[in-house]
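A.B. asks: Structure file protein.cif, mmCIF, C-alpha atoms, is pasted below:
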```
data_entry
#
loop_
_atom_site.group_PDB
_atom_site.id
_atom_site.type_symbol
_atom_site.label_atom_id
_atom_site.label_comp_id
_atom_site.auth_asym_id
_atom_site.auth_seq_id
_atom_site.Cartn_x
_atom_site.Cartn_y
_atom_site.Cartn_z
ATOM 1 C CA MET A 1 152.870 199.009 87.026
ATOM 2 C CA GLU A 2 150.091 199.127 84.402
ATOM 3 C CA MET A 3 149.330 195.849 82.704
ATOM 4 C CA TYR A 4 147.675 195.081 79.401
ATOM 5 C CA ASP A 5 146.216 191.977 77.874
ATOM 6 C CA ILE A 6 145.408 190.937 74.311
ATOM 7 C CA VAL A 7 142.362 188.816 73.509
ATOM 8 C CA ALA A 8 141.024 187.175 70.363
ATOM 9 C CA ALA A 9 138.045 188.317 68.302
ATOM 10 C CA GLY A 10 134.687 187.632 69.903
ATOM 11 C CA CYS A 11 135.895 188.068 73.469
ATOM 12 C CA ASN A 12 133.919 190.740 75.290
ATOM 13 C CA ALA A 13 136.417 192.828 77.239
ATOM 14 C CA ASP A 14 134.255 195.625 78.667
ATOM 15 C CA GLU A 15 135.407 198.172 81.241
ATOM 16 C CA LYS A 16 133.889 196.268 84.175
ATOM 17 C CA THR A 17 135.739 193.058 83.266
ATOM 18 C CA THR A 18 138.957 194.990 82.630
ATOM 19 C CA THR A 19 138.790 196.545 86.109
ATOM 20 C CA LEU A 20 137.843 193.237 87.739
ATOM 21 C CA LEU A 21 140.841 191.490 86.181
ATOM 22 C CA GLY A 22 143.213 194.327 87.129
ATOM 23 C CA TYR A 23 144.295 195.557 83.683
ATOM 24 C CA LYS A 24 144.655 199.113 82.460
ATOM 25 C CA LYS A 25 143.248 198.014 79.095
ATOM 26 C CA ILE A 26 142.468 194.789 77.241
ATOM 27 C CA PHE A 27 143.087 194.968 73.485
ATOM 28 C CA ALA A 28 140.565 192.920 71.516
ATOM 29 C CA SER A 29 141.247 191.692 67.985
ATOM 30 C CA GLY A 30 138.859 193.232 65.477
ATOM 31 C CA LYS A 31 137.999 196.066 67.866
ATOM 32 C CA ASP A 32 141.278 197.641 69.044
ATOM 33 C CA PHE A 33 143.598 196.202 66.412
ATOM 34 C CA ARG A 34 143.414 194.206 63.197
ATOM 35 C CA MET A 35 144.724 190.644 62.945
ATOM 36 C CA SER A 36 145.731 189.278 59.551
ATOM 37 C CA ASP A 37 145.485 185.482 59.101
ATOM 38 C CA LEU A 38 147.802 184.270 56.335
ATOM 39 C CA ASP A 39 146.085 180.834 56.213
ATOM 40 C CA GLU A 40 142.838 182.511 55.156
ATOM 41 C CA GLY A 41 144.587 184.122 52.226
ATOM 42 C CA ALA A 42 144.992 187.558 53.733
ATOM 43 C CA GLY A 43 145.947 189.858 50.894
ATOM 44 C CA LYS A 44 147.313 193.294 51.578
ATOM 45 C CA THR A 45 148.671 193.646 55.056
ATOM 46 C CA GLY A 46 147.778 197.293 55.355
ATOM 47 C CA ASP A 47 147.157 198.327 58.913
ATOM 48 C CA ALA A 48 147.242 194.874 60.559
ATOM 49 C CA ALA A 49 148.942 194.955 63.960
ATOM 50 C CA MET A 50 149.233 191.169 64.287
ATOM 51 C CA PHE A 51 149.985 188.434 61.770
ATOM 52 C CA THR A 52 149.117 184.799 62.341
ATOM 53 C CA GLY A 53 149.479 181.660 60.249
ATOM 54 C CA SER A 54 151.052 178.223 59.924
ATOM 55 C CA ASP A 55 153.597 179.117 57.238
ATOM 56 C CA GLU A 56 156.763 180.378 58.929
ATOM 57 C CA ASN A 57 158.187 181.766 55.684
ATOM 58 C CA GLY A 58 155.094 183.901 55.227
ATOM 59 C CA LEU A 59 155.315 185.130 58.819
ATOM 60 C CA ALA A 60 159.036 185.825 58.470
ATOM 61 C CA ALA A 61 158.291 187.957 55.400
ATOM 62 C CA ARG A 62 155.662 189.927 57.378
ATOM 63 C CA ALA A 63 158.081 190.456 60.273
ATOM 64 C CA LYS A 64 159.589 193.340 58.296
ATOM 65 C CA TYR A 65 156.556 195.442 59.247
ATOM 66 C CA GLY A 66 157.708 195.265 62.859
ATOM 67 C CA LYS A 67 154.398 194.064 64.214
ATOM 68 C CA PHE A 68 153.190 191.180 66.380
ATOM 69 C CA ILE A 69 153.754 187.653 65.054
ATOM 70 C CA LEU A 70 151.545 184.822 66.345
ATOM 71 C CA PRO A 71 152.631 181.443 64.896
ATOM 72 C CA LYS A 72 149.903 178.795 64.852
ATOM 73 C CA ARG A 73 152.440 175.999 65.159
ATOM 74 C CA ILE A 74 153.709 175.318 68.678
ATOM 75 C CA GLY A 75 157.430 175.133 67.865
ATOM 76 C CA VAL A 76 159.007 178.176 66.217
ATOM 77 C CA GLY A 77 162.001 177.965 63.878
ATOM 78 C CA ARG A 78 165.222 179.878 64.412
ATOM 79 C CA SER A 79 165.000 181.681 61.079
ATOM 80 C CA LEU A 80 161.661 183.219 62.077
ATOM 81 C CA LEU A 81 163.070 184.235 65.468
ATOM 82 C CA ALA A 82 166.077 185.848 63.785
ATOM 83 C CA ARG A 83 163.796 187.833 61.429
ATOM 84 C CA ILE A 84 161.621 188.921 64.362
ATOM 85 C CA LYS A 85 164.694 190.162 66.204
ATOM 86 C CA ASP A 86 166.200 191.914 63.168
ATOM 87 C CA ASN A 87 162.979 193.802 62.382
ATOM 88 C CA ASP A 88 162.176 194.656 66.000
ATOM 89 C CA ALA A 89 158.907 192.728 65.746
ATOM 90 C CA VAL A 90 157.261 190.909 68.679
ATOM 91 C CA LEU A 91 156.684 187.180 69.104
ATOM 92 C CA CYS A 92 153.324 186.538 70.743
ATOM 93 C CA LEU A 93 152.976 183.515 73.039
ATOM 94 C CA PRO A 94 149.281 182.852 73.739
ATOM 95 C CA MET A 95 148.382 181.425 77.156
ATOM 96 C CA GLU A 96 145.161 180.104 75.622
ATOM 97 C CA ARG A 97 147.154 177.102 74.394
ATOM 98 C CA ILE A 98 147.700 176.123 78.027
ATOM 99 C CA THR A 99 144.354 177.052 79.566
ATOM 100 C CA SER A 100 142.162 175.495 76.865
ATOM 101 C CA THR A 101 143.921 172.127 76.651
ATOM 102 C CA TYR A 102 144.158 169.145 78.994
ATOM 103 C CA GLY A 103 146.480 166.378 80.069
ATOM 104 C CA LEU A 104 149.336 165.380 77.796
ATOM 105 C CA VAL A 105 148.503 168.002 75.156
ATOM 106 C CA ARG A 106 148.737 170.752 77.780
ATOM 107 C CA SER A 107 152.042 169.383 79.105
ATOM 108 C CA LYS A 108 153.479 169.297 75.580
ATOM 109 C CA ASN A 109 152.312 172.859 74.918
ATOM 110 C CA ILE A 110 153.976 174.077 78.122
ATOM 111 C CA TYR A 111 157.205 172.311 77.180
ATOM 112 C CA PHE A 112 157.306 173.784 73.668
ATOM 113 C CA MET A 113 156.362 177.278 74.849
ATOM 114 C CA ARG A 114 159.199 177.209 77.378
ATOM 115 C CA LYS A 115 161.572 176.046 74.671
ATOM 116 C CA THR A 116 160.354 178.722 72.227
ATOM 117 C CA PHE A 117 160.724 181.411 74.867
ATOM 118 C CA SER A 118 164.278 180.434 75.782
ATOM 119 C CA GLU A 119 165.230 180.376 72.063
ATOM 120 C CA ALA A 120 163.626 183.778 71.542
ATOM 121 C CA ARG A 121 165.551 185.173 74.527
ATOM 122 C CA ARG A 122 168.755 183.726 73.150
ATOM 123 C CA PHE A 123 168.155 185.566 69.864
ATOM 124 C CA GLY A 124 167.183 188.723 71.733
ATOM 125 C CA ALA A 125 163.670 188.874 70.243
ATOM 126 C CA LYS A 126 160.865 190.644 72.112
ATOM 127 C CA VAL A 127 158.176 188.326 73.488
ATOM 128 C CA SER A 128 154.591 189.189 74.343
ATOM 129 C CA LEU A 129 152.706 187.080 76.879
ATOM 130 C CA ALA A 130 148.970 187.418 76.384
ATOM 131 C CA SER A 131 145.920 185.340 77.138
ATOM 132 C CA MET A 132 144.532 185.506 73.527
ATOM 133 C CA ALA A 133 141.270 184.330 75.111
ATOM 134 C CA PRO A 134 138.491 183.509 72.628
ATOM 135 C CA SER A 135 135.841 183.972 75.350
ATOM 136 C CA ALA A 136 135.393 185.052 78.974
ATOM 137 C CA GLN A 137 136.005 181.475 80.137
ATOM 138 C CA PHE A 138 139.656 181.711 79.093
ATOM 139 C CA MET A 139 140.393 185.252 80.222
ATOM 140 C CA LEU A 140 142.969 185.663 82.964
ATOM 141 C CA SER A 141 143.473 188.157 85.760
ATOM 142 C CA THR A 142 146.826 189.938 86.103
ATOM 143 C CA GLY A 143 147.831 187.599 88.929
ATOM 144 C CA GLN A 144 147.026 184.521 86.881
ATOM 145 C CA LEU A 145 148.833 185.812 83.782
ATOM 146 C CA LEU A 146 151.865 186.658 85.928
ATOM 147 C CA GLU A 147 151.974 183.144 87.382
ATOM 148 C CA LEU A 148 151.583 181.533 83.956
ATOM 149 C CA GLY A 149 154.299 183.811 82.612
ATOM 150 C CA LYS A 150 156.609 182.869 85.490
ATOM 151 C CA MET A 151 155.978 179.200 84.753
ATOM 152 C CA ILE A 152 157.001 179.716 81.105
ATOM 153 C CA THR A 153 159.847 182.173 81.524
ATOM 154 C CA GLY A 154 161.121 181.660 85.073
ATOM 155 C CA ASN A 155 161.730 185.410 85.377
ATOM 156 C CA GLU A 156 159.144 187.672 87.036
ATOM 157 C CA SER A 157 160.652 190.992 85.949
ATOM 158 C CA TYR A 158 160.619 189.921 82.308
ATOM 159 C CA VAL A 159 156.986 188.842 82.600
ATOM 160 C CA ARG A 160 156.007 192.228 84.077
ATOM 161 C CA GLU A 161 157.790 194.034 81.257
ATOM 162 C CA SER A 162 156.105 191.812 78.692
ATOM 163 C CA ILE A 163 152.603 192.262 80.108
ATOM 164 C CA GLY A 164 153.201 195.981 80.589
ATOM 165 C CA VAL A 165 155.309 197.696 77.947
ATOM 166 C CA VAL A 166 155.377 195.054 75.214
ATOM 167 C CA ASN A 167 151.631 194.318 75.175
ATOM 168 C CA ARG A 168 150.823 198.027 75.151
ATOM 169 C CA SER A 169 152.848 198.478 71.954
ATOM 170 C CA ILE A 170 150.156 196.633 69.952
ATOM 171 C CA SER A 171 148.141 199.832 70.029
ATOM 172 C CA GLY A 172 151.008 201.649 68.371
ATOM 173 C CA VAL A 173 151.874 203.551 71.557
ATOM 174 C CA MET B 1 156.938 177.402 113.842
ATOM 175 C CA LYS B 2 153.595 178.683 112.580
ATOM 176 C CA GLU B 3 153.006 178.161 108.849
ATOM 177 C CA LYS B 4 152.770 181.399 106.854
ATOM 178 C CA ARG B 5 149.497 181.638 104.984
ATOM 179 C CA ARG B 6 148.179 183.456 101.971
ATOM 180 C CA TYR B 7 144.532 184.336 101.376
ATOM 181 C CA ILE B 8 143.360 184.552 97.762
ATOM 182 C CA LEU B 9 140.150 186.313 96.705
ATOM 183 C CA VAL B 10 138.581 184.331 93.872
ATOM 184 C CA LYS B 11 135.635 185.112 91.610
ATOM 185 C CA TYR B 12 133.749 182.042 90.441
ATOM 186 C CA SER B 13 131.816 182.134 87.174
ATOM 187 C CA GLY B 14 128.624 180.697 88.685
ATOM 188 C CA ARG B 15 126.605 181.069 91.862
ATOM 189 C CA VAL B 16 126.813 178.650 94.802
ATOM 190 C CA ALA B 17 123.602 177.955 96.685
ATOM 191 C CA GLN B 18 123.983 177.389 100.430
ATOM 192 C CA GLU B 19 122.797 173.783 100.179
ATOM 193 C CA ALA B 20 125.334 173.082 97.408
ATOM 194 C CA ALA B 21 128.271 174.706 99.228
ATOM 195 C CA GLN B 22 129.795 171.444 100.469
ATOM 196 C CA GLU B 23 129.532 169.838 97.039
ATOM 197 C CA PHE B 24 131.186 172.910 95.515
ATOM 198 C CA GLU B 25 133.982 172.793 98.104
ATOM 199 C CA HIS B 26 134.726 169.113 97.501
ATOM 200 C CA GLY B 27 134.581 169.598 93.750
ATOM 201 C CA LEU B 28 137.072 172.452 94.046
ATOM 202 C CA TYR B 29 139.495 170.332 96.114
ATOM 203 C CA ARG B 30 139.203 167.509 93.559
ATOM 204 C CA GLU B 31 140.049 169.826 90.667
ATOM 205 C CA LEU B 32 142.926 171.427 92.582
ATOM 206 C CA LEU B 33 144.308 167.965 93.375
ATOM 207 C CA LYS B 34 144.065 167.034 89.683
ATOM 208 C CA MET B 35 145.993 170.166 88.682
ATOM 209 C CA LEU B 36 148.567 170.270 91.460
ATOM 210 C CA GLY B 37 149.186 166.571 91.955
ATOM 211 C CA GLU B 38 149.557 164.977 95.375
ATOM 212 C CA LEU B 39 152.953 166.444 96.196
ATOM 213 C CA HIS B 40 152.216 170.072 95.327
ATOM 214 C CA TYR B 41 148.747 169.808 96.884
ATOM 215 C CA ALA B 42 150.337 168.787 100.179
ATOM 216 C CA ASP B 43 152.746 171.714 99.925
ATOM 217 C CA ALA B 44 150.027 174.240 99.076
ATOM 218 C CA ASN B 45 147.429 172.843 101.513
ATOM 219 C CA PRO B 46 144.489 174.776 100.004
ATOM 220 C CA LYS B 47 141.301 175.295 102.019
ATOM 221 C CA LEU B 48 138.156 177.253 101.329
ATOM 222 C CA ALA B 49 138.337 179.857 104.103
ATOM 223 C CA LYS B 50 135.148 181.847 103.487
ATOM 224 C CA MET B 51 132.242 181.872 101.052
ATOM 225 C CA LEU B 52 131.174 185.386 100.069
ATOM 226 C CA GLU B 53 128.418 186.763 97.864
ATOM 227 C CA ASP B 54 128.107 187.048 94.080
ATOM 228 C CA GLY B 55 130.305 184.022 93.412
ATOM 229 C CA TYR B 56 133.288 185.293 95.429
ATOM 230 C CA PHE B 57 135.156 183.131 97.908
ATOM 231 C CA VAL B 58 138.449 183.183 99.822
ATOM 232 C CA LEU B 59 140.942 180.367 99.354
ATOM 233 C CA ARG B 60 143.604 179.899 102.007
ATOM 234 C CA SER B 61 146.932 178.307 101.116
ATOM 235 C CA SER B 62 150.476 178.193 102.367
ATOM 236 C CA LEU B 63 152.757 181.058 101.313
ATOM 237 C CA SER B 64 154.960 178.802 99.202
ATOM 238 C CA GLY B 65 151.961 177.189 97.485
ATOM 239 C CA ALA B 66 150.000 180.374 96.718
ATOM 240 C CA GLY B 67 151.505 180.706 93.232
ATOM 241 C CA ASP B 68 150.640 177.105 92.449
ATOM 242 C CA CYS B 69 147.051 177.634 93.607
ATOM 243 C CA ILE B 70 146.651 180.717 91.400
ATOM 244 C CA LEU B 71 148.110 178.766 88.485
ATOM 245 C CA ALA B 72 145.809 175.810 89.101
ATOM 246 C CA LEU B 73 142.731 178.057 89.347
ATOM 247 C CA SER B 74 143.546 179.575 85.940
ATOM 248 C CA MET B 75 143.566 176.080 84.387
ATOM 249 C CA ILE B 76 140.370 174.708 85.938
ATOM 250 C CA LYS B 77 137.608 174.981 83.336
ATOM 251 C CA LYS B 78 135.127 172.391 84.683
ATOM 252 C CA LEU B 79 133.703 171.850 88.156
ATOM 253 C CA ASN B 80 131.400 168.953 89.088
ATOM 254 C CA GLY B 81 130.825 168.264 85.402
ATOM 255 C CA GLU B 82 129.800 171.833 84.529
ATOM 256 C CA ASP B 83 131.698 174.568 82.695
ATOM 257 C CA ALA B 84 133.337 176.932 85.158
ATOM 258 C CA PHE B 85 136.193 179.386 85.427
ATOM 259 C CA PHE B 86 137.899 181.303 88.219
ATOM 260 C CA TYR B 87 139.486 184.749 88.345
ATOM 261 C CA THR B 88 141.910 185.427 91.199
ATOM 262 C CA THR B 89 141.474 189.133 91.886
ATOM 263 C CA LYS B 90 143.663 189.690 94.947
ATOM 264 C CA SER B 91 145.860 187.896 97.436
ATOM 265 C CA SER B 92 146.874 189.024 100.905
ATOM 266 C CA GLY B 93 148.661 187.803 104.009
ATOM 267 C CA THR B 94 145.666 188.434 106.243
ATOM 268 C CA LEU B 95 141.983 187.616 105.839
ATOM 269 C CA LYS B 96 141.024 190.979 107.314
ATOM 270 C CA ALA B 97 142.852 192.984 104.641
ATOM 271 C CA LEU B 98 141.375 190.847 101.894
ATOM 272 C CA LEU B 99 137.823 191.257 103.176
ATOM 273 C CA LYS B 100 138.389 195.002 103.436
ATOM 274 C CA HIS B 101 139.426 195.043 99.780
ATOM 275 C CA TYR B 102 136.367 192.930 98.883
ATOM 276 C CA GLU B 103 134.029 195.323 100.695
ATOM 277 C CA HIS B 104 135.663 198.272 98.954
ATOM 278 C CA GLU B 105 135.283 196.584 95.560
ATOM 279 C CA ARG B 106 131.614 195.926 96.177
ATOM 280 C CA GLY B 107 131.117 199.526 97.214
ATOM 281 C CA ALA B 108 130.158 198.828 100.818
ATOM 282 C CA GLN B 109 131.555 201.238 103.422
ATOM 283 C CA PRO B 110 133.891 199.624 105.981
ATOM 284 C CA GLN B 111 132.420 199.695 109.485
ATOM 285 C CA GLU B 112 134.152 202.058 111.904
ATOM 286 C CA LYS B 113 135.401 200.639 115.183
ATOM 287 C CA PRO B 114 133.433 202.082 118.134
ATOM 288 C CA LYS B 115 135.585 204.455 120.168
ATOM 289 C CA THR B 116 136.153 203.224 123.696
ATOM 290 C CA THR B 117 135.970 205.801 126.438
ATOM 291 C CA PRO B 118 139.052 205.865 128.639
ATOM 292 C CA ALA B 119 138.629 204.683 132.190
ATOM 293 C CA GLN B 120 138.008 207.583 134.478
ATOM 294 C CA ASP B 121 140.219 208.258 137.467
ATOM 295 C CA TYR B 122 138.314 208.523 140.681
#
```
Re-express the file's structure as structure tokens.
C.D. replies:
Amino acid sequence: MEMYDIVAAGCNADEKTTTLLGYKKIFASGKDFRMSDLDEGAGKTGDAAMFTGSDENGLAARAKYGKFILPKRIGVGRSLLARIKDNDAVLCLPMERITSTYGLVRSKNIYFMRKTFSEARRFGAKVSLASMAPSAQFMLSTGQLLELGKMITGNESYVRESIGVVNRSISGV
Amino acid sequence: MKEKRRYILVKYSGRVAQEAAQEFEHGLYRELLKMLGELHYADANPKLAKMLEDGYFVLRSSLSGAGDCILALSMIKKLNGEDAFFYTTKSSGTLKALLKHYEHERGAQPQEKPKTTPAQDY
């Protein structure tokens, strides 16, 4: 099964690295898709494929475009999850929050991501598991992303679907 | 009964000089212990099986602990006080199959086994 990853702006995901890590393609923000940050006063949404920000109301309003939603806050409210589900948008859970933190902060992040995922599943919202790596140091191979996904979701088949079909949809395909 | 093992091919971000190999190995075990904790470390029983070239090495673990080892390697970002990261590129049940994959990845041709001539009947 073909797998895809999504990384943040500034992360160099060339063909050699993509092959080494085992992906079909790695989508980089700013290069393969546009990310709109609501905290930086993003104006017109236009052709943005991913929305991020701290304000859940703002993100819920953008969910109507049916794109990827990446909340900056760890816990996600039920109203946002309901809007994501209703508009067939995708909730993005970045693994970077686990790989770039340490100790108690990392443990808390894992706990809240598991909780967010189980709530999202309960609502029936689509979830994307991606590394969102800001640099090569935080990129993950397919095996590593699968294991992290299994730790969060507890379901391997769902993780494979998320890394395969769901992540690919950021390109509009 | 013999323990089932799993061999994991890992790409390290740096280069390990021969004289620093032992220090690297001990540093790796320390970081794995930090990530896995004493109980999971005992279950996984990780061991550096073989050092290869270009920052590659093979980590051996138990079958049940292989997932934990891959998870731990994705979270290790420092080794012996220096920035480091690990990519796990492949895992296999036998060392031979993993080394074959490594040779193929590096572009080297696998060596053919010499054909043995059958014993002649006199």
A.B. asks: Check what the PyMOL selection byres ((chain B) within 9 of (chain A)) selects in the file above and give those residues as a list in words.
C.D. replies: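 Evaluating the PyMOL selection byres ((chain B) within 9 of (chain A)) on these coordinates yields Ser13, Gly67, Asp68, Ile70, Leu71, Leu73, Ser74, Met75, Ile76, Lys77, Asp83, Ala84, Phe85, Phe86, Tyr87, Thr88, Thr89, Lys90, Ser91 and Glu105 of chain B.
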A.B. asks: Can you give me, as a compact mmCIF listing (two decimals) with C-alpha atoms, keeping the file's coordinate frame, the residues this file yields under the PyMOL selection byres ((chain A and resi 59) around 12)?
C.D. replies:
```
# COMPACT_ATOMS: atom_id res chain seq x y z
CA SER A 36 145.73 189.28 59.55
CA ASP A 37 145.49 185.48 59.10
CA LEU A 38 147.80 184.27 56.34
CA ASP A 39 146.08 180.83 56.21
CA ALA A 42 144.99 187.56 53.73
CA THR A 45 148.67 193.65 55.06
CA MET A 50 149.23 191.17 64.29
CA PHE A 51 149.99 188.43 61.77
CA THR A 52 149.12 184.80 62.34
CA GLY A 53 149.48 181.66 60.25
CA SER A 54 151.05 178.22 59.92
CA ASP A 55 153.60 179.12 57.24
CA GLU A 56 156.76 180.38 58.93
CA ASN A 57 158.19 181.77 55.68
CA GLY A 58 155.09 183.90 55.23
CA ALA A 60 159.04 185.82 58.47
CA ALA A 61 158.29 187.96 55.40
CA ARG A 62 155.66 189.93 57.38
CA ALA A 63 158.08 190.46 60.27
CA LYS A 64 159.59 193.34 58.30
CA TYR A 65 156.56 195.44 59.25
CA GLY A 66 157.71 195.26 62.86
CA LYS A 67 154.40 194.06 64.21
CA PHE A 68 153.19 191.18 66.38
CA ILE A 69 153.75 187.65 65.05
CA LEU A 70 151.54 184.82 66.34
CA PRO A 71 152.63 181.44 64.90
CA LYS A 72 149.90 178.80 64.85
CA ARG A 73 152.44 176.00 65.16
CA VAL A 76 159.01 178.18 66.22
CA GLY A 77 162.00 177.96 63.88
CA SER A 79 165.00 181.68 61.08
CA LEU A 80 161.66 183.22 62.08
CA LEU A 81 163.07 184.24 65.47
CA ALA A 82 166.08 185.85 63.78
CA ARG A 83 163.80 187.83 61.43
CA ILE A 84 161.62 188.92 64.36
CA ALA A 89 158.91 192.73 65.75
CA VAL A 90 157.26 190.91 68.68
CA LEU A 91 156.68 187.18 69.10
```
A.B. asks: Written as a PyMOL selection string, what is the full residue list that the PyMOL selection byres ((chain A and resi 131) around 6) yields on the file shown?
C.D. replies: chain A and resi 94-96+130+132-133
A.B. asks: Can I get the selection written as a PDB file, keeping the file's coordinate frame, with C-alpha atoms?
C.D. replies:
```pdb
ATOM      1  CA  PRO A  94     149.281 182.852  73.739  1.00  0.00           C
ATOM      2  CA  MET A  95     148.382 181.425  77.156  1.00  0.00           C
ATOM      3  CA  GLU A  96     145.161 180.104  75.622  1.00  0.00           C
ATOM      4  CA  ALA A 130     148.970 187.418  76.384  1.00  0.00           C
ATOM      5  CA  MET A 132     144.532 185.506  73.527  1.00  0.00           C
ATOM      6  CA  ALA A 133     141.270 184.330  75.111  1.00  0.00           C
TER       7      ALA A 133
END
```
A.B. asks: Would you mind reading off the distance between atom CA of Ala9 of chain A and atom CA of Ser135 of chain A, one decimal, in Å?
C.D. replies: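 So the two atoms, atom CA of Ala9 of chain A and atom CA of Ser135 of chain A, lie 8.6 Å apart.
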A.B. asks: Interatomic distance between atom CA of His40 of chain B and atom CA of Ala72 of chain B?
C.D. replies: 10.6 Å
A.B. asks: When you look at Val16 of chain B with a cut-off of 9 Å (counting only C-alpha atoms), what residues show up, excluding the ones that are within fewer than 5 positions of it in the same chain? I need them as a ChimeraX atom specification.
C.D. replies: /B:21,24,51,53-55
A.B. asks: Extract segment 19-35 of chain A from the coordinates I pasted, and write it as a PDB file, in the first residue's frame (atoms kept: N, CA, C and O atoms).
C.D. replies:
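Printed below is result07.pdb as written:
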```
ATOM      1  N   THR A  19      12.375   8.161  -0.890  1.00  0.00           N
ATOM      2  CA  THR A  19      12.592   6.726  -1.164  1.00  0.00           C
ATOM      3  C   THR A  19      13.191   6.042   0.063  1.00  0.00           C
ATOM      4  O   THR A  19      12.798   4.930   0.412  1.00  0.00           O
ATOM      5  N   LEU A  20      14.139   6.708   0.704  1.00  0.00           N
ATOM      6  CA  LEU A  20      14.784   6.123   1.890  1.00  0.00           C
ATOM      7  C   LEU A  20      13.751   5.832   2.975  1.00  0.00           C
ATOM      8  O   LEU A  20      13.775   4.788   3.616  1.00  0.00           O
ATOM      9  N   LEU A  21      12.823   6.781   3.169  1.00  0.00           N
ATOM     10  CA  LEU A  21      11.835   6.628   4.237  1.00  0.00           C
ATOM     11  C   LEU A  21      10.679   5.714   3.845  1.00  0.00           C
ATOM     12  O   LEU A  21       9.878   5.342   4.695  1.00  0.00           O
ATOM     13  N   GLY A  22      10.566   5.372   2.555  1.00  0.00           N
ATOM     14  CA  GLY A  22       9.551   4.405   2.135  1.00  0.00           C
ATOM     15  C   GLY A  22       8.228   4.989   1.694  1.00  0.00           C
ATOM     16  O   GLY A  22       7.248   4.260   1.571  1.00  0.00           O
ATOM     17  N   TYR A  23       8.166   6.302   1.443  1.00  0.00           N
ATOM     18  CA  TYR A  23       6.905   6.920   1.024  1.00  0.00           C
ATOM     19  C   TYR A  23       6.812   6.993  -0.495  1.00  0.00           C
ATOM     20  O   TYR A  23       7.817   7.019  -1.193  1.00  0.00           O
ATOM     21  N   LYS A  24       5.569   7.097  -0.974  1.00  0.00           N
ATOM     22  CA  LYS A  24       5.353   7.346  -2.393  1.00  0.00           C
ATOM     23  C   LYS A  24       5.646   8.825  -2.659  1.00  0.00           C
ATOM     24  O   LYS A  24       6.256   9.174  -3.650  1.00  0.00           O
ATOM     25  N   LYS A  25       5.156   9.683  -1.765  1.00  0.00           N
ATOM     26  CA  LYS A  25       5.419  11.118  -1.867  1.00  0.00           C
ATOM     27  C   LYS A  25       5.294  11.765  -0.485  1.00  0.00           C
ATOM     28  O   LYS A  25       4.502  11.333   0.338  1.00  0.00           O
ATOM     29  N   ILE A  26       6.101  12.814  -0.275  1.00  0.00           N
ATOM     30  CA  ILE A  26       5.995  13.598   0.955  1.00  0.00           C
ATOM     31  C   ILE A  26       5.540  14.993   0.545  1.00  0.00           C
ATOM     32  O   ILE A  26       6.218  15.681  -0.232  1.00  0.00           O
ATOM     33  N   PHE A  27       4.388  15.422   1.071  1.00  0.00           N
ATOM     34  CA  PHE A  27       3.844  16.736   0.729  1.00  0.00           C
ATOM     35  C   PHE A  27       4.407  17.774   1.687  1.00  0.00           C
ATOM     36  O   PHE A  27       4.251  17.659   2.905  1.00  0.00           O
ATOM     37  N   ALA A  28       5.055  18.788   1.144  1.00  0.00           N
ATOM     38  CA  ALA A  28       5.674  19.824   1.974  1.00  0.00           C
ATOM     39  C   ALA A  28       4.842  21.100   1.907  1.00  0.00           C
ATOM     40  O   ALA A  28       4.449  21.541   0.810  1.00  0.00           O
ATOM     41  N   SER A  29       4.611  21.702   3.067  1.00  0.00           N
ATOM     42  CA  SER A  29       3.848  22.947   3.135  1.00  0.00           C
ATOM     43  C   SER A  29       4.645  24.052   2.437  1.00  0.00           C
ATOM     44  O   SER A  29       5.860  24.160   2.600  1.00  0.00           O
ATOM     45  N   GLY A  30       3.943  24.841   1.634  1.00  0.00           N
ATOM     46  CA  GLY A  30       4.605  25.923   0.914  1.00  0.00           C
ATOM     47  C   GLY A  30       5.104  25.487  -0.445  1.00  0.00           C
ATOM     48  O   GLY A  30       5.342  26.308  -1.318  1.00  0.00           O
ATOM     49  N   LYS A  31       5.269  24.177  -0.630  1.00  0.00           N
ATOM     50  CA  LYS A  31       5.785  23.660  -1.908  1.00  0.00           C
ATOM     51  C   LYS A  31       4.696  22.873  -2.638  1.00  0.00           C
ATOM     52  O   LYS A  31       4.414  23.104  -3.806  1.00  0.00           O
ATOM     53  N   ASP A  32       4.084  21.908  -1.942  1.00  0.00           N
ATOM     54  CA  ASP A  32       3.051  21.066  -2.552  1.00  0.00           C
ATOM     55  C   ASP A  32       1.643  21.499  -2.182  1.00  0.00           C
ATOM     56  O   ASP A  32       0.684  21.106  -2.849  1.00  0.00           O
ATOM     57  N   PHE A  33       1.503  22.251  -1.111  1.00  0.00           N
ATOM     58  CA  PHE A  33       0.191  22.765  -0.730  1.00  0.00           C
ATOM     59  C   PHE A  33       0.393  24.026   0.098  1.00  0.00           C
ATOM     60  O   PHE A  33       1.481  24.282   0.606  1.00  0.00           O
ATOM     61  N   ARG A  34      -0.690  24.803   0.214  1.00  0.00           N
ATOM     62  CA  ARG A  34      -0.579  26.058   0.977  1.00  0.00           C
ATOM     63  C   ARG A  34      -1.244  25.886   2.332  1.00  0.00           C
ATOM     64  O   ARG A  34      -2.345  25.343   2.430  1.00  0.00           O
ATOM     65  N   MET A  35      -0.554  26.359   3.387  1.00  0.00           N
ATOM     66  CA  MET A  35      -1.119  26.317   4.733  1.00  0.00           C
ATOM     67  C   MET A  35      -1.484  27.745   5.141  1.00  0.00           C
ATOM     68  O   MET A  35      -0.694  28.659   4.973  1.00  0.00           O
TER      69      MET A  35
END
```
